[in-house]
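> Input upload_23.cif, format and content: mmCIF, C-alpha atoms.
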data_input
loop_
_atom_site.label_atom_id
_atom_site.label_comp_id
_atom_site.auth_asym_id
_atom_site.auth_seq_id
_atom_site.Cartn_x
_atom_site.Cartn_y
_atom_site.Cartn_z
CA MET A 11 -37.66 20.62 -25.77
CA LYS A 12 -39.33 19.06 -28.77
CA SER A 13 -42.45 17.17 -27.84
CA PHE A 14 -43.32 13.78 -29.27
CA SER A 15 -46.75 12.22 -29.58
CA ASN A 16 -47.56 8.89 -27.96
CA ARG A 17 -48.12 7.46 -31.41
CA TYR A 18 -44.59 8.45 -32.39
CA MET A 19 -43.16 6.85 -29.26
CA TYR A 20 -44.96 3.56 -29.86
CA ILE A 21 -43.87 3.40 -33.46
CA TYR A 22 -40.32 4.48 -32.59
CA SER A 23 -39.82 1.84 -29.94
CA THR A 24 -41.42 -0.89 -32.02
CA VAL A 25 -39.22 -0.15 -35.03
CA LEU A 26 -36.11 0.07 -32.86
CA VAL A 27 -36.76 -3.23 -31.16
CA VAL A 28 -37.57 -5.01 -34.42
CA VAL A 29 -34.42 -3.67 -36.07
CA VAL A 30 -32.24 -4.67 -33.12
CA ALA A 31 -33.83 -8.12 -32.97
CA ALA A 32 -33.22 -8.62 -36.69
CA ILE A 33 -29.56 -7.64 -36.38
CA LEU A 34 -29.03 -10.00 -33.46
CA ALA A 35 -30.82 -12.85 -35.19
CA ILE A 36 -28.68 -12.48 -38.30
CA VAL A 37 -25.42 -12.20 -36.35
CA SER A 38 -26.30 -15.18 -34.20
CA LYS A 39 -27.09 -17.25 -37.30
CA VAL A 40 -23.89 -16.22 -39.08
CA LEU A 41 -21.65 -16.79 -36.08
CA SER A 42 -23.22 -20.02 -34.89
CA GLU A 43 -20.96 -22.15 -37.07
CA PRO A 44 -17.59 -20.85 -35.80
CA GLN A 45 -19.04 -20.86 -32.28
CA ASN A 46 -20.15 -24.49 -32.50
CA ASN A 47 -16.84 -25.46 -34.05
CA ASN A 48 -15.07 -23.85 -31.11
CA ILE A 49 -17.21 -25.75 -28.65
CA ARG A 50 -16.69 -29.07 -30.43
CA ALA A 51 -12.94 -28.56 -30.81
CA GLU A 52 -12.70 -27.60 -27.14
CA GLN A 53 -14.54 -30.74 -26.08
CA MET A 54 -12.25 -32.90 -28.20
CA GLN A 55 -9.21 -31.09 -26.86
CA MET A 56 -10.36 -31.68 -23.28
CA ILE A 57 -10.87 -35.39 -23.92
CA LEU A 58 -7.38 -35.65 -25.41
CA GLN A 59 -5.88 -33.61 -22.58
CA ALA A 60 -7.42 -35.95 -20.05
CA ALA A 61 -5.57 -38.76 -21.80
CA ASN A 62 -2.32 -36.79 -21.53
CA ASN A 63 -2.29 -35.64 -25.13
CA LYS A 64 -1.49 -31.92 -25.01
CA ILE A 65 -2.64 -30.91 -28.47
CA ASP A 66 -3.56 -27.34 -29.37
CA ARG A 67 -7.11 -26.36 -30.22
CA ALA A 68 -6.54 -26.02 -33.97
CA HIS A 69 -5.44 -29.63 -34.40
CA ALA A 70 -7.75 -31.17 -31.82
CA GLU A 71 -10.26 -32.62 -34.27
CA GLN A 72 -7.62 -34.29 -36.43
CA GLU A 73 -5.84 -35.72 -33.39
CA TYR A 74 -9.12 -36.82 -31.86
CA ASN A 75 -10.07 -38.84 -34.93
CA LYS A 76 -6.68 -40.46 -34.83
CA TYR A 77 -6.54 -41.56 -31.21
CA ILE A 78 -10.10 -41.85 -29.95
CA THR A 79 -10.86 -44.99 -31.89
CA THR A 80 -14.09 -45.89 -30.14
CA GLU A 81 -16.87 -43.99 -28.42
CA LEU A 82 -19.31 -45.95 -26.27
CA GLY A 83 -22.64 -45.01 -24.77
CA VAL A 84 -23.20 -46.87 -21.50
CA LYS A 85 -26.08 -47.12 -19.07
CA ALA A 86 -25.77 -46.99 -15.29
CA ASN A 87 -26.06 -50.81 -15.13
CA GLY A 88 -23.00 -51.12 -17.35
CA GLU A 89 -24.88 -52.07 -20.49
CA ILE A 90 -23.38 -50.69 -23.71
CA VAL A 91 -26.16 -49.19 -25.81
CA SER A 92 -24.23 -47.40 -28.54
CA ARG A 93 -20.86 -47.76 -30.20
CA TYR A 94 -19.16 -45.42 -32.66
CA THR A 95 -15.98 -46.72 -34.12
CA GLY A 96 -13.89 -46.02 -37.21
CA GLY A 97 -16.16 -43.13 -38.20
CA LYS A 98 -19.29 -45.32 -38.19
CA LEU A 99 -22.11 -45.76 -35.74
CA GLU A 100 -22.24 -49.52 -35.23
CA LEU A 101 -24.76 -49.72 -32.42
CA GLY A 102 -27.55 -47.48 -31.16
CA ASP A 103 -28.78 -44.31 -32.84
CA VAL A 104 -26.88 -41.41 -31.26
CA ARG A 105 -23.14 -40.92 -31.62
CA PRO A 106 -21.89 -40.94 -27.99
CA PHE A 107 -19.89 -37.75 -28.62
CA PHE A 108 -23.11 -35.85 -29.20
CA LEU A 109 -24.89 -37.09 -26.08
CA ASN A 110 -26.11 -34.18 -23.98
CA ILE A 111 -24.08 -34.88 -20.86
CA LYS A 112 -25.89 -32.28 -18.79
CA ASP A 113 -29.34 -33.71 -19.54
CA GLU A 114 -28.23 -37.32 -19.12
CA CYS A 115 -26.63 -36.52 -15.75
CA LYS A 116 -29.89 -34.92 -14.67
CA LYS A 117 -31.83 -37.99 -15.77
CA TYR A 118 -29.46 -40.24 -13.84
CA LYS A 119 -29.79 -38.16 -10.68
CA ALA A 120 -33.57 -38.28 -10.99
CA GLY A 121 -33.28 -42.09 -10.91
CA ASP A 122 -33.94 -42.70 -14.62
CA ALA A 123 -32.28 -46.02 -15.52
CA ASP A 124 -32.27 -45.05 -19.22
CA ALA A 125 -29.64 -42.35 -18.83
CA VAL A 126 -26.77 -42.92 -21.24
CA LEU A 127 -23.32 -41.37 -20.84
CA PRO A 128 -20.29 -41.66 -23.11
CA VAL A 129 -16.96 -43.40 -22.61
CA PHE A 130 -14.11 -42.42 -24.92
CA LEU A 131 -11.48 -45.06 -25.66
CA TYR A 132 -8.07 -43.57 -26.30
CA ASP A 133 -5.88 -45.97 -28.21
CA LYS A 134 -2.36 -45.85 -26.81
CA GLY A 135 -1.08 -47.91 -29.69
CA ASP A 136 0.27 -50.73 -27.51
CA GLY A 137 -3.00 -52.64 -27.37
CA GLU A 138 -4.10 -50.82 -24.20
CA PHE A 139 -6.80 -48.20 -23.88
CA ILE A 140 -7.25 -45.17 -21.69
CA TYR A 141 -10.88 -44.74 -20.65
CA VAL A 142 -12.01 -41.12 -20.65
CA VAL A 143 -15.35 -40.29 -19.04
CA PRO A 144 -17.11 -36.93 -18.52
CA VAL A 145 -18.15 -35.61 -15.12
CA ARG A 146 -20.41 -32.66 -14.30
CA GLY A 147 -21.21 -30.84 -11.11
CA ILE A 148 -21.82 -27.55 -9.37
CA GLY A 149 -19.06 -25.29 -8.08
CA LEU A 150 -19.51 -22.20 -5.97
CA TRP A 151 -21.14 -19.93 -8.55
CA ASP A 152 -22.02 -22.07 -11.49
CA GLU A 153 -21.47 -25.36 -13.24
CA ILE A 154 -18.14 -27.16 -13.30
CA TRP A 155 -17.29 -30.09 -15.53
CA GLY A 156 -14.39 -32.12 -16.70
CA TYR A 157 -13.06 -35.43 -17.98
CA VAL A 158 -11.43 -38.19 -15.99
CA ALA A 159 -9.08 -40.60 -17.75
CA LEU A 160 -8.44 -44.01 -16.21
CA LYS A 161 -5.64 -46.38 -17.15
CA SER A 162 -6.51 -49.73 -18.65
CA ASP A 163 -7.02 -51.21 -15.16
CA ALA A 164 -10.13 -48.94 -14.92
CA ASN A 165 -8.91 -47.88 -11.48
CA THR A 166 -5.81 -45.68 -11.65
CA VAL A 167 -6.24 -42.05 -12.74
CA GLU A 168 -4.19 -41.30 -15.85
CA ASN A 169 -5.05 -37.61 -15.74
CA VAL A 170 -8.01 -35.26 -15.28
CA VAL A 171 -9.06 -32.00 -16.81
CA PHE A 172 -11.55 -29.52 -15.37
CA ASP A 173 -13.36 -26.47 -16.58
CA HIS A 174 -15.95 -24.11 -15.13
CA ALA A 175 -18.55 -21.57 -16.17
CA GLY A 176 -18.04 -18.91 -13.55
CA GLU A 177 -15.75 -19.79 -10.67
CA THR A 178 -13.74 -16.88 -9.24
CA PRO A 179 -10.61 -16.31 -11.33
CA GLY A 180 -7.55 -17.07 -9.24
CA LEU A 181 -9.50 -18.98 -6.57
CA GLY A 182 -12.02 -21.60 -7.69
CA GLY A 183 -10.94 -20.88 -11.27
CA ASN A 184 -7.68 -22.60 -10.43
CA ILE A 185 -9.31 -26.01 -10.92
CA LYS A 186 -8.56 -25.16 -14.55
CA ASP A 187 -5.86 -22.47 -14.44
CA ASP A 188 -3.43 -24.01 -11.96
CA PRO A 189 -1.87 -27.06 -13.64
CA SER A 190 -0.76 -28.49 -10.30
CA PHE A 191 -4.37 -29.12 -9.24
CA PRO A 192 -5.36 -31.59 -11.97
CA ALA A 193 -1.83 -33.00 -11.79
CA SER A 194 -2.37 -33.93 -8.15
CA PHE A 195 -4.97 -36.51 -9.27
CA ILE A 196 -2.51 -38.49 -11.36
CA GLY A 197 -1.92 -41.96 -9.96
CA LYS A 198 -4.81 -41.85 -7.47
CA THR A 199 -7.17 -44.80 -7.50
CA ILE A 200 -10.95 -44.79 -7.44
CA PHE A 201 -11.48 -48.32 -6.11
CA GLU A 202 -10.44 -49.77 -2.77
CA GLY A 203 -10.48 -53.50 -3.42
CA ASP A 204 -13.86 -53.94 -5.07
CA ASP A 205 -15.50 -50.95 -3.45
CA PHE A 206 -15.88 -47.66 -5.26
CA VAL A 207 -14.49 -44.79 -3.15
CA SER A 208 -13.77 -42.05 -5.74
CA VAL A 209 -11.09 -39.42 -5.17
CA ALA A 210 -11.96 -36.83 -2.52
CA VAL A 211 -10.73 -33.24 -2.51
CA GLU A 212 -9.91 -32.35 1.10
CA LYS A 213 -7.88 -29.95 3.16
CA ARG A 214 -4.63 -31.33 4.54
CA ALA A 215 -5.11 -34.48 2.50
CA GLY A 216 -1.47 -35.49 2.49
CA LYS A 217 0.36 -36.50 -0.66
CA ASP A 218 0.38 -40.25 -0.21
CA GLU A 219 -3.32 -40.83 0.33
CA PRO A 220 -4.49 -43.02 -2.59
CA HIS A 221 -8.03 -41.59 -2.67
CA LYS A 222 -7.52 -37.96 -1.64
CA VAL A 223 -6.02 -34.81 -3.09
CA GLU A 224 -5.28 -31.45 -1.48
CA ALA A 225 -8.06 -28.81 -1.72
CA LEU A 226 -7.46 -25.42 -3.31
CA THR A 227 -6.60 -22.57 -0.98
CA GLY A 228 -9.40 -20.06 -0.65
CA ALA A 229 -11.78 -22.14 -2.71
CA THR A 230 -13.33 -24.57 -0.26
CA LEU A 231 -16.74 -24.65 -1.91
CA THR A 232 -15.35 -25.18 -5.40
CA SER A 233 -13.11 -27.94 -4.03
CA ASN A 234 -16.12 -29.59 -2.41
CA GLY A 235 -17.93 -29.25 -5.72
CA VAL A 236 -15.12 -31.09 -7.52
CA SER A 237 -15.19 -33.78 -4.86
CA ASP A 238 -18.95 -34.31 -5.24
CA MET A 239 -18.73 -34.12 -9.02
CA LEU A 240 -16.18 -36.95 -9.13
CA LYS A 241 -18.11 -39.10 -6.70
CA ASP A 242 -21.47 -38.69 -8.49
CA GLY A 243 -19.98 -38.72 -11.95
CA LEU A 244 -17.79 -41.80 -11.59
CA GLU A 245 -20.39 -43.72 -9.62
CA PHE A 246 -22.47 -43.94 -12.80
CA TYR A 247 -19.72 -45.86 -14.53
CA VAL A 248 -18.91 -48.26 -11.67
CA PRO A 249 -20.73 -51.30 -13.19
CA TYR A 250 -19.04 -50.62 -16.54
CA PHE A 251 -15.60 -50.28 -14.95
CA LYS A 252 -16.15 -53.48 -12.97
CA SER A 253 -17.02 -55.30 -16.19
CA LEU A 254 -13.65 -54.15 -17.57
CA LYS A 255 -11.73 -55.38 -14.56
CA LYS A 256 -13.02 -58.91 -14.96
CA MET B 19 -9.79 19.88 -33.00
CA ALA B 20 -8.20 20.86 -29.71
CA ASN B 21 -11.51 20.08 -28.08
CA ASN B 22 -11.66 16.68 -29.69
CA LYS B 23 -8.24 15.83 -28.37
CA LYS B 24 -9.34 16.86 -24.92
CA LEU B 25 -12.27 14.44 -25.15
CA ILE B 26 -9.81 11.58 -25.34
CA THR B 27 -7.25 12.80 -22.84
CA MET B 28 -9.45 14.19 -20.07
CA PRO B 29 -10.93 10.84 -19.03
CA PHE B 30 -7.41 9.55 -18.44
CA SER B 31 -6.88 11.89 -15.56
CA LYS B 32 -9.17 14.68 -14.41
CA GLU B 33 -12.39 13.11 -15.63
CA ASN B 34 -11.47 9.48 -15.14
CA PRO B 35 -14.65 7.42 -14.88
CA ILE B 36 -13.36 5.24 -12.06
CA ILE B 37 -11.15 7.38 -9.88
CA VAL B 38 -12.90 10.74 -10.32
CA GLN B 39 -16.48 9.93 -11.24
CA VAL B 40 -16.38 6.67 -9.26
CA LEU B 41 -18.36 4.71 -11.84
CA GLY B 42 -17.86 1.13 -12.94
CA ILE B 43 -16.41 0.11 -9.59
CA CYS B 44 -18.28 -3.19 -9.55
CA SER B 45 -16.65 -4.65 -12.65
CA CYS B 46 -13.34 -3.15 -11.55
CA LEU B 47 -13.47 -5.43 -8.49
CA ALA B 48 -14.64 -8.47 -10.39
CA VAL B 49 -12.32 -8.81 -13.38
CA THR B 50 -9.00 -7.48 -12.08
CA VAL B 51 -7.74 -10.55 -10.27
CA LYS B 52 -5.49 -11.14 -13.27
CA LEU B 53 -4.14 -8.93 -16.01
CA GLN B 54 -5.50 -10.72 -19.06
CA PRO B 55 -9.22 -10.55 -18.27
CA ALA B 56 -8.72 -6.93 -17.19
CA VAL B 57 -7.29 -6.00 -20.58
CA VAL B 58 -10.00 -7.80 -22.56
CA MET B 59 -12.69 -6.27 -20.36
CA ALA B 60 -11.17 -2.82 -20.91
CA LEU B 61 -11.23 -3.32 -24.69
CA SER B 62 -14.78 -4.69 -24.67
CA VAL B 63 -16.08 -1.76 -22.62
CA THR B 64 -14.26 0.69 -24.90
CA VAL B 65 -15.90 -0.80 -28.00
CA VAL B 66 -19.33 -0.78 -26.37
CA VAL B 67 -19.06 2.82 -25.12
CA MET B 68 -17.74 4.06 -28.45
CA MET B 69 -20.36 2.37 -30.56
CA SER B 70 -23.33 3.17 -28.35
CA ASN B 71 -22.16 6.78 -28.00
CA LEU B 72 -21.95 7.03 -31.77
CA PHE B 73 -25.35 5.53 -32.42
CA ILE B 74 -27.19 7.39 -29.70
CA SER B 75 -25.61 10.58 -30.96
CA LEU B 76 -26.81 9.86 -34.49
CA LEU B 77 -30.31 9.16 -33.20
CA ARG B 78 -30.33 11.90 -30.57
CA ASN B 79 -32.79 14.22 -32.32
CA THR B 80 -35.28 11.45 -32.99
CA ILE B 81 -35.33 9.93 -29.49
CA PRO B 82 -38.39 10.96 -27.47
CA PRO B 83 -37.03 12.18 -24.08
CA ARG B 84 -39.61 10.22 -22.11
CA ILE B 85 -38.38 6.86 -23.37
CA ARG B 86 -34.73 7.79 -23.86
CA ILE B 87 -33.38 5.51 -21.14
CA ILE B 88 -35.12 2.51 -22.68
CA VAL B 89 -33.81 3.42 -26.12
CA GLN B 90 -30.28 3.79 -24.72
CA LEU B 91 -30.55 0.45 -22.98
CA VAL B 92 -31.65 -1.32 -26.16
CA VAL B 93 -28.72 0.14 -28.08
CA VAL B 94 -26.23 -0.73 -25.32
CA ALA B 95 -27.62 -4.25 -25.05
CA LEU B 96 -27.29 -4.66 -28.81
CA PHE B 97 -23.58 -3.86 -28.76
CA VAL B 98 -22.86 -5.88 -25.65
CA ILE B 99 -24.45 -8.96 -27.20
CA LEU B 100 -22.56 -8.35 -30.44
CA VAL B 101 -19.26 -8.12 -28.56
CA ASP B 102 -20.13 -11.26 -26.63
CA GLN B 103 -21.04 -13.18 -29.80
CA PHE B 104 -17.88 -12.10 -31.60
CA LEU B 105 -15.70 -13.06 -28.65
CA LYS B 106 -17.37 -16.47 -28.55
CA ALA B 107 -16.75 -17.00 -32.26
CA PHE B 108 -13.25 -15.59 -32.62
CA ALA B 109 -11.70 -15.32 -29.15
CA TYR B 110 -13.30 -18.29 -27.49
CA ASP B 111 -10.85 -18.71 -24.61
CA VAL B 112 -11.02 -15.10 -23.58
CA SER B 113 -14.79 -15.05 -23.71
CA LYS B 114 -14.84 -18.02 -21.36
CA GLN B 115 -12.52 -16.28 -18.97
CA LEU B 116 -14.74 -13.22 -18.76
CA SER B 117 -17.89 -15.36 -18.63
CA VAL B 118 -20.80 -13.33 -17.26
CA TYR B 119 -18.92 -10.07 -17.00
CA VAL B 120 -19.22 -9.34 -20.72
CA GLY B 121 -22.99 -9.47 -20.38
CA LEU B 122 -22.78 -7.28 -17.32
CA ILE B 123 -21.26 -4.44 -19.37
CA ILE B 124 -24.93 -3.59 -20.02
CA THR B 125 -25.23 -2.52 -16.41
CA ASN B 126 -21.91 -0.66 -16.34
CA CYS B 127 -22.76 2.86 -15.21
CA ILE B 128 -20.05 4.36 -17.41
CA VAL B 129 -21.89 3.38 -20.59
CA MET B 130 -25.25 4.84 -19.56
CA GLY B 131 -23.49 7.75 -17.91
CA ARG B 132 -21.73 8.78 -21.11
CA LEU B 133 -24.89 8.35 -23.17
CA GLU B 134 -26.89 10.58 -20.84
CA ALA B 135 -24.20 13.14 -20.17
CA PHE B 136 -22.61 13.40 -23.57
CA ALA B 137 -24.03 11.54 -26.57
CA MET B 138 -27.59 12.84 -26.12
CA SER B 139 -26.43 16.40 -26.69
CA ASN B 140 -23.36 16.17 -28.93
CA LYS B 141 -22.49 15.39 -32.52
CA PRO B 142 -21.43 11.88 -33.62
CA LEU B 143 -17.68 12.42 -33.97
CA PRO B 144 -17.11 14.03 -30.56
CA SER B 145 -19.35 11.35 -29.06
CA LEU B 146 -17.27 8.60 -30.61
CA LEU B 147 -14.09 10.18 -29.23
CA ASP B 148 -15.69 10.70 -25.84
CA GLY B 149 -16.52 7.01 -25.80
CA LEU B 150 -12.98 6.09 -26.76
CA GLY B 151 -11.50 8.34 -24.06
CA ASN B 152 -13.80 7.07 -21.34
CA GLY B 153 -13.38 3.45 -22.32
CA LEU B 154 -9.62 3.76 -22.20
CA GLY B 155 -9.72 5.85 -19.03
CA TYR B 156 -11.71 3.03 -17.43
CA GLY B 157 -9.35 0.49 -18.95
CA ILE B 158 -6.15 2.03 -17.66
CA ILE B 159 -7.33 1.74 -14.06
CA LEU B 160 -8.43 -1.84 -14.65
CA VAL B 161 -5.03 -2.71 -16.07
CA VAL B 162 -3.14 -1.00 -13.23
CA VAL B 163 -5.22 -2.77 -10.59
CA GLY B 164 -5.00 -6.09 -12.47
CA PHE B 165 -1.23 -5.71 -12.77
CA ILE B 166 -0.71 -5.13 -9.04
CA ARG B 167 -3.15 -7.85 -7.99
CA GLU B 168 -1.72 -10.52 -10.26
CA LEU B 169 1.89 -9.64 -9.45
CA PHE B 170 1.48 -9.72 -5.67
CA GLY B 171 -1.40 -12.20 -5.50
CA PHE B 172 0.14 -14.88 -7.73
CA GLY B 173 3.68 -13.80 -8.57
CA THR B 174 2.68 -13.99 -12.25
CA LEU B 175 1.87 -11.55 -15.06
CA TRP B 176 -0.30 -12.56 -18.02
CA ASN B 177 -0.27 -16.04 -16.46
CA MET B 178 3.54 -16.24 -16.70
CA ARG B 179 5.68 -16.50 -13.60
CA VAL B 180 7.78 -13.37 -13.07
CA LEU B 181 8.88 -13.67 -9.46
CA PRO B 182 11.85 -16.05 -9.31
CA ASP B 183 11.77 -19.19 -7.19
CA SER B 184 14.56 -17.82 -5.03
CA PHE B 185 12.08 -15.27 -3.63
CA TYR B 186 9.83 -18.06 -2.43
CA LYS B 187 12.74 -20.03 -1.04
CA ALA B 188 13.80 -16.96 0.91
CA GLY B 189 10.40 -16.96 2.62
CA TYR B 190 8.40 -14.68 0.32
CA GLU B 191 4.73 -15.60 0.02
CA ASN B 192 1.96 -14.56 -2.32
CA ASN B 193 -0.46 -12.15 -0.70
CA GLY B 194 -3.81 -13.92 -0.39
CA LEU B 195 -5.61 -10.64 0.26
CA MET B 196 -4.69 -9.42 -3.24
CA VAL B 197 -6.88 -12.15 -4.67
CA MET B 198 -9.93 -10.96 -2.74
CA PRO B 199 -12.24 -8.34 -4.29
CA ALA B 200 -11.81 -6.14 -1.22
CA MET B 201 -8.21 -5.53 -2.18
CA ALA B 202 -9.28 -4.05 -5.53
CA LEU B 203 -11.31 -1.48 -3.63
CA ILE B 204 -8.37 -0.65 -1.39
CA LEU B 205 -6.10 -0.30 -4.43
CA VAL B 206 -8.59 1.96 -6.20
CA GLY B 207 -8.74 4.01 -2.99
CA ILE B 208 -4.95 4.35 -2.98
CA ILE B 209 -4.94 5.36 -6.65
CA ILE B 210 -7.58 8.02 -5.93
CA TRP B 211 -5.51 9.30 -3.01
CA VAL B 212 -2.31 9.59 -5.06
CA HIS B 213 -4.19 11.11 -7.97
CA ARG B 214 -5.81 13.81 -5.84
CA ASN B 215 -2.54 14.61 -4.21
CA LYS B 216 -1.14 15.41 -7.64
CA ASN B 217 -4.27 17.28 -8.76
CA LYS B 218 -5.12 19.60 -5.88
CA ASP B 219 -7.95 21.22 -7.85
CA LEU B 220 -9.94 17.99 -7.56
CA ILE B 221 -10.06 18.23 -3.78
CA GLU B 222 -13.42 19.53 -2.59
CA ASN B 223 -13.50 22.66 -0.41
CA GLU B 224 -14.62 22.00 3.10
#
Go ahead and render the structure in this file as structure tokens.

Amino acid sequence: MKSFSNRYMYIYSTVLVVVVAAILAIVSKVLSEPQNNNIRAEQMQMILQAANNKIDRAHAEQEYNKYITTELGVKANGEIVSRYTGGKLELGDVRPFFLNIKDECKKYKAGDADAVLPVFLYDKGDGEFIYVVPVRGIGLWDEIWGYVALKSDANTVENVVFDHAGETPGLGGNIKDDPSFPASFIGKTIFEGDDFVSVAVEKRAGKDEPHKVEALTGATLTSNGVSDMLKDGLEFYVPYFKSLKK
Amino acid sequence: MANNKKLITMPFSKENPIIVQVLGICSCLAVTVKLQPAVVMALSVTVVVMMSNLFISLLRNTIPPRIRIIVQLVVVALFVILVDQFLKAFAYDVSKQLSVYVGLIITNCIVMGRLEAFAMSNKPLPSLLDGLGNGLGYGIILVVVGFIRELFGFGTLWNMRVLPDSFYKAGYENNGLMVMPAMALILVGIIIWVHRNKNKDLIENE
């Protein structure tokens, strides 16, 4: 076997690593635009889906600009701190669409009263709005997230859409893949009188319970995650929703 | 040329990475719940094995033996990240479905196994073909297992319902065990059993 000096080995590995790093850096730079476009289009598509608009990914941005007429940034006390409407930022300094939901949720959980989360107003065209809000939580393996759309009474669920980073395909993954799961939320209500109760995901929930939906088979922990996500996520918006009801 | 052809065909049967060499079992359990991720995983692994086999083979005379594993790992990692980035940019939905398992191709024993066993001591073209054969040999088992698991676990194929409603009305139920990773292992075991029955020369002498 050929023998190599230590010097050769050091130089060899250094050159190799630098070359590989350069290739990856270039590829990452080149591909970041289509990747970010994908992420943005997906987010817009999810928001539209939550409002019952089943548009495909390619047309999501166009459709989004048409129907989501207003984006609001609200604080946990219900105060509106930013407003983006008609393609212009009218209030505040960050477009609500670009708020980092993950970071803001973290801030809210840590008790920071300055956390701001977005509300998307879907214009139905008949003078009424659907209110779409993001929720984030933890499933069994990794993060889960989604959007909840409420009818103009800020109480009845219009529709929901969920997604996940790494739930088991076919089990917890069904929060996204099985259309009957999000569909079971339609028509549920999140308030009982004036009290916020959220929608719980439970086993043997029964179809007619106004605040409960049936858990997924074989995915108890993911189902619990969805339940907690909705409770924590919607709780943030309670003062804002109450201001709408008045 | 006959030899080159063998490099592609052998891994399908007598040198199959999963059912003969018993490599790559972990990902075989994880991504075969449904057919679609199984197919994409099979293609991704094939690309990674082919490309890293080719590059290691090109570099084989310059790689110092004492650091060869590290060099192999860097090359494998490079291609895995490239595949991951390209999926994210151009096949976004599929990349989300596979999530972490694309990254975990780095740890797939088949890739390192082929580099060590073949690419380090063979010319680029045979290495490329060896990678292709092994990737597809791995893939075919993934697809077979994914097919059976999705069909009996969900009554669907490629996310489309294939078992008619009348089955369910007559009392048929999806098999929950098929959805569990354990069932993939049992299925692979059954495939190995059938395969060895057909290829008696693979059975070890007692």
> What are the closest atom pairs, with distances in Å to one decimal, for all residues of chain B lying within 7 Å of chain A? Consider all atoms listed in the file, order rows by chain and residue number, and present the result as JSON lines.

{"residue": "B:Val51", "atom": "CA", "partner": "A:Pro179", "partner_atom": "CA", "distance": 6.5}
{"residue": "B:Pro82", "atom": "CA", "partner": "A:Phe14", "partner_atom": "CA", "distance": 6.0}
{"residue": "B:Leu96", "atom": "CA", "partner": "A:Val30", "partner_atom": "CA", "distance": 6.6}
{"residue": "B:Lys106", "atom": "CA", "partner": "A:Gln45", "partner_atom": "CA", "distance": 6.0}
{"residue": "B:Ala107", "atom": "CA", "partner": "A:Gln45", "partner_atom": "CA", "distance": 4.5}
{"residue": "B:Tyr110", "atom": "CA", "partner": "A:Asn48", "partner_atom": "CA", "distance": 6.9}
{"residue": "B:Ser117", "atom": "CA", "partner": "A:Gly176", "partner_atom": "CA", "distance": 6.2}
{"residue": "B:Val197", "atom": "CA", "partner": "A:Gly180", "partner_atom": "CA", "distance": 6.7}
> When you draw a straight line from atom CA of Tyr157 of chain A to atom CA of Ile57 of chain A, how long is it in Å?
6.3 Å
> Go through A:Glu153, A:Asn165, A:Asp204, A:Ile185 and flag the residue nearest Pro220 of chain A, using only C-alpha atoms for the distances.
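Going through A:Glu153, A:Asn165, A:Asp204, A:Ile185 one by one, the smallest distance to Pro220 of chain A is for A:Asn165.
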> Quick one: apply the PyMOL selection byres ((chain A and resi 149) around 8) to the file and drop the selected residues here as a PyMOL selection string.
chain A and resi 147-148+150-154+174+177+182+231-236
> Between atom CA of Leu122 of chain B and atom CA of Val67 of chain B, what distance in Å does the model show, to one decimal?
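So the two atoms, atom CA of Leu122 of chain B and atom CA of Val67 of chain B, lie 13.3 Å apart.
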> Please work out which residues fall within 7 Å of (-8.5, -45.9, -18.8), coordinates as given in the file, with only C-alpha atoms counting, and return them as a list in words.
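Returned residue set, sorted by chain then number, is Phe139, Ile140, Tyr141, Val142, Ala159, Leu160, Lys161, Ser162, Asp163, Ala164 and Glu168 of chain A.
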> Just C-alpha atoms for this one: save the residues we selected as an mmCIF file, keeping the file's coordinate frame.

data_model
loop_
_atom_site.group_PDB
_atom_site.id
_atom_site.type_symbol
_atom_site.label_atom_id
_atom_site.label_comp_id
_atom_site.auth_asym_id
_atom_site.auth_seq_id
_atom_site.Cartn_x
_atom_site.Cartn_y
_atom_site.Cartn_z
ATOM 1 C CA PHE A 139 -6.800 -48.200 -23.880
ATOM 2 C CA ILE A 140 -7.250 -45.170 -21.690
ATOM 3 C CA TYR A 141 -10.880 -44.740 -20.650
ATOM 4 C CA VAL A 142 -12.010 -41.120 -20.650
ATOM 5 C CA ALA A 159 -9.080 -40.600 -17.750
ATOM 6 C CA LEU A 160 -8.440 -44.010 -16.210
ATOM 7 C CA LYS A 161 -5.640 -46.380 -17.150
ATOM 8 C CA SER A 162 -6.510 -49.730 -18.650
ATOM 9 C CA ASP A 163 -7.020 -51.210 -15.160
ATOM 10 C CA ALA A 164 -10.130 -48.940 -14.920
ATOM 11 C CA GLU A 168 -4.190 -41.300 -15.850
#
> For the atom pair atom CA of Phe246 of chain A and atom CA of Lys76 of chain A, what is the interatomic distance in Å to one decimal place?
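These two atoms are separated by 27.3 Å.
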> Please identify all polymer residues within 12 Å of Ile221 of chain B, counting only C-alpha atoms, omitting same-chain residues fewer than 2 positions from it, and present them as a PyMOL selection string.
chain B and resi 32+38+210-219+223-224
> Which residue out of A:Val129, A:Ile36, A:Met239, A:Val223 has the minimum interatomic distance to Ile78 of chain A when only C-alpha atoms are used?
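With only C-alpha atoms as the atom set, the closest residue is A:Val129.
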> Run the PyMOL selection byres ((chain B and resi 93) around 8) against the file shown and list the residues it catches, as a VMD selection string.
(chain A and resid 30) or (chain B and resid 70 73 to 74 89 to 92 94 to 97)
> May I have the residues within 9 Å of segment 121-123 of chain A as a list in words, using only C-alpha atoms and disregarding those fewer than 2 positions away in the same chain?
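Once the adjacent positions are removed, what remains is Lys85, Ala86, Asn87, Lys116, Lys117, Tyr118, Lys119, Ala125 and Val126 of chain A.
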